[in-house]
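Beneath this line is the structure, given in structure tokens, with notes to follow.
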2 protein chains.
Amino acid sequence: MTEHEHIVSAFSQEIEALRTKILRMGGLAEQLLADAVATLDSRDADRAAAVILADRRVDALQSEIDEEAIRTLARRQPMASDLREIIAVIRMAADLERVGDLAKNIAKRVAAIGAERHSAQFGRGLGHLSGLALGQLKDVLDAYARRDAAAAVAVRNRDGEIDALYNSLFRELLTYMMEDPRTITMSTHLLFCAKNIERIGDHATNIAETVHYVVAGEPLREPRPKDDSHNYASLRYPADPAP
Amino acid sequence: MTEHEHIVSAFSQEIEALRTKILRMGGLAEQLLADAVATLDSRDADRAAAVILADRRVDALQSEIDEEAIRTLARRQPMASDLREIIAVIRMAADLERVGDLAKNIAKRVAAIGAERHSAQFGRGLGHLSGLALGQLKDVLDAYARRDAAAAVAVRNRDGEIDALYNSLFRELLTYMMEDPRTITMSTHLLFCAKNIERIGDHATNIAETVHYVVAGEPLREPRPKDDSHNYASLRYPADPAP
């Protein structure tokens, strides 16, 4: 092995290690979201506390990834596609850290809500929303692992479904609050939980754009297809009856 | 001038150009926040539309900064402190892009709220909150311009004030909603506006940490002093009367 080949191979190993860590971080973030939403459904404060604690592992992984990525930049002085690879790792780690944070925030609200129950219908809607967000996270991490730019673009194009569902849950919560003001405190916490899941979908979209950038070698230029005009629902009192 | 000095000087110029762009981007983001909050107070839909449009300039600046930073990395292969400088620019641009986005989101809610008025007391509270966030943004950008790590740490340590005020506004909105369910739709939009401003404070904190990292040469290891337990207020119905 020549010295150059040695360097190239050490560099590939470093990139490979970073990639593996991103996928691990992604798996952890997915788990946090799933656990946080389960906790919200069961109102299990112990499990919520575990989610809050587990987010530290996501944060620690981001710090490790950042430090290793910057060390690799300094040591290997990579060009073109290798440079993109490392920049992408730093970006994805930042998005996954936020996903963990948003999941932790949902778990924190479980204690604030206490034992108060939300409607079964809203519970199903929230479960569906988190299912969509989890699917987006899983698909975009798979796209990264398989280096599949088309799959990443497909993830980005599906984000509108999450926005539409978030919007209908937002309206639903408004009607509950209007019908029974005793539910207002719980409903505002649930509103933020739903918003957090919608934001997690946005981070999956960011990651999809990063995967496209690293695989295709250039940023996605077309604007996001997302129409977020429905995110600003203006429901007047008295509310329409919930269907 | 030797060839080496030539390269060094071209590099310094590139870093300087990036720094200038960050400060310009920061100034724009500050302006967007100030305009968005003014718009929320005046319910001026035209001005809100202008804020929404102006956010594109913030986004465009981030793209430019990212591309130039990555080009500089590829071309100059910087080591140690120069590398930190460029990584810092990429991070700050990402935070400022989010600040612009959050301000735009406030402006978008102006149309959703329509002509409905919020209480003068809440208006003052929100003005105070945005004043704090603007102060944090300004101070952290000054700290970056002056390369003042201590000033950056001071910004980070002040974030708790924003959180405390956000919390009291959150409680205030809950009482309005409980007292008069006709205000629920407007109040939930205002809730998100207040939350967005609180998040802008978090981005100022992120930037403060980045400034410390680039000036002092290492990440701030102590955990943030912020106690966010009050962010999850659990106000029960019937509400305490507003003071």
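Chain labels A, B, ... are given in the sequence in which chains occur in the structure tokens; within each chain residues are numbered consecutively from 1, and ligands are likewise numbered from 1 in the order shown.
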
Show me, as a Markdown table, the residues of chain B having an atom within 9 Å of chain A, each with the closest atom pair and its distance in Å, using only C-alpha atoms.
```
| residue | atom | partner | partner_atom | distance |
| --- | --- | --- | --- | --- |
| B:Ile70 | CA | A:Leu83 | CA | 8.0 |
| B:Arg71 | CA | A:Ala80 | CA | 9.0 |
| B:Leu73 | CA | A:Leu83 | CA | 8.2 |
| B:Ala74 | CA | A:Met79 | CA | 5.3 |
| B:Arg75 | CA | A:Met79 | CA | 8.0 |
| B:Arg76 | CA | A:Gln77 | CA | 8.9 |
| B:Gln77 | CA | A:Gln77 | CA | 5.4 |
| B:Pro78 | CA | A:Ala74 | CA | 7.0 |
| B:Met79 | CA | A:Ala74 | CA | 5.3 |
| B:Ala80 | CA | A:Ala74 | CA | 6.7 |
| B:Leu83 | CA | A:Ala74 | CA | 7.1 |
| B:Arg84 | CA | A:Ile70 | CA | 8.2 |
| B:Ile87 | CA | A:Ile70 | CA | 8.2 |
| B:Lys108 | CA | A:Tyr232 | CA | 7.3 |
| B:Arg109 | CA | A:Tyr232 | CA | 6.2 |
| B:Ala111 | CA | A:Tyr232 | CA | 8.3 |
| B:Ala112 | CA | A:Ser234 | CA | 5.2 |
| B:Ile113 | CA | A:Ser234 | CA | 6.7 |
| B:Gly114 | CA | A:Ser234 | CA | 8.6 |
| B:Leu174 | CA | A:Thr185 | CA | 6.7 |
| B:Met177 | CA | A:Ile184 | CA | 7.3 |
| B:Met178 | CA | A:Pro181 | CA | 5.5 |
| B:Glu179 | CA | A:Pro181 | CA | 8.4 |
| B:Asp180 | CA | A:Pro181 | CA | 8.8 |
| B:Pro181 | CA | A:Met178 | CA | 5.5 |
| B:Arg182 | CA | A:Tyr237 | CA | 5.3 |
| B:Thr183 | CA | A:Tyr237 | CA | 8.0 |
| B:Ile184 | CA | A:Met178 | CA | 7.0 |
| B:Thr185 | CA | A:Leu235 | CA | 6.1 |
| B:Met186 | CA | A:Ser234 | CA | 8.1 |
| B:Thr188 | CA | A:Thr188 | CA | 7.5 |
| B:His189 | CA | A:Tyr232 | CA | 8.0 |
| B:Leu191 | CA | A:Thr188 | CA | 8.7 |
| B:Phe192 | CA | A:Phe192 | CA | 8.5 |
| B:Ser229 | CA | A:Lys108 | CA | 8.6 |
| B:Tyr232 | CA | A:Ala112 | CA | 5.7 |
| B:Ala233 | CA | A:Ala112 | CA | 6.4 |
| B:Ser234 | CA | A:Ala112 | CA | 5.1 |
| B:Leu235 | CA | A:Thr185 | CA | 6.2 |
| B:Arg236 | CA | A:Thr185 | CA | 6.7 |
| B:Tyr237 | CA | A:Arg182 | CA | 5.3 |
| B:Pro238 | CA | A:Arg182 | CA | 7.3 |
```

Within 8 Å of A:Ala208 using only C-alpha atoms, minus same-chain residues under 2 positions, as a PyMOL selection string: chain A and resi 140+152-153+155-156+204-206+210-212

Taken to one decimal, the atom CA of B:Ala143-atom CA of B:Asp59 distance is 22.9 Å
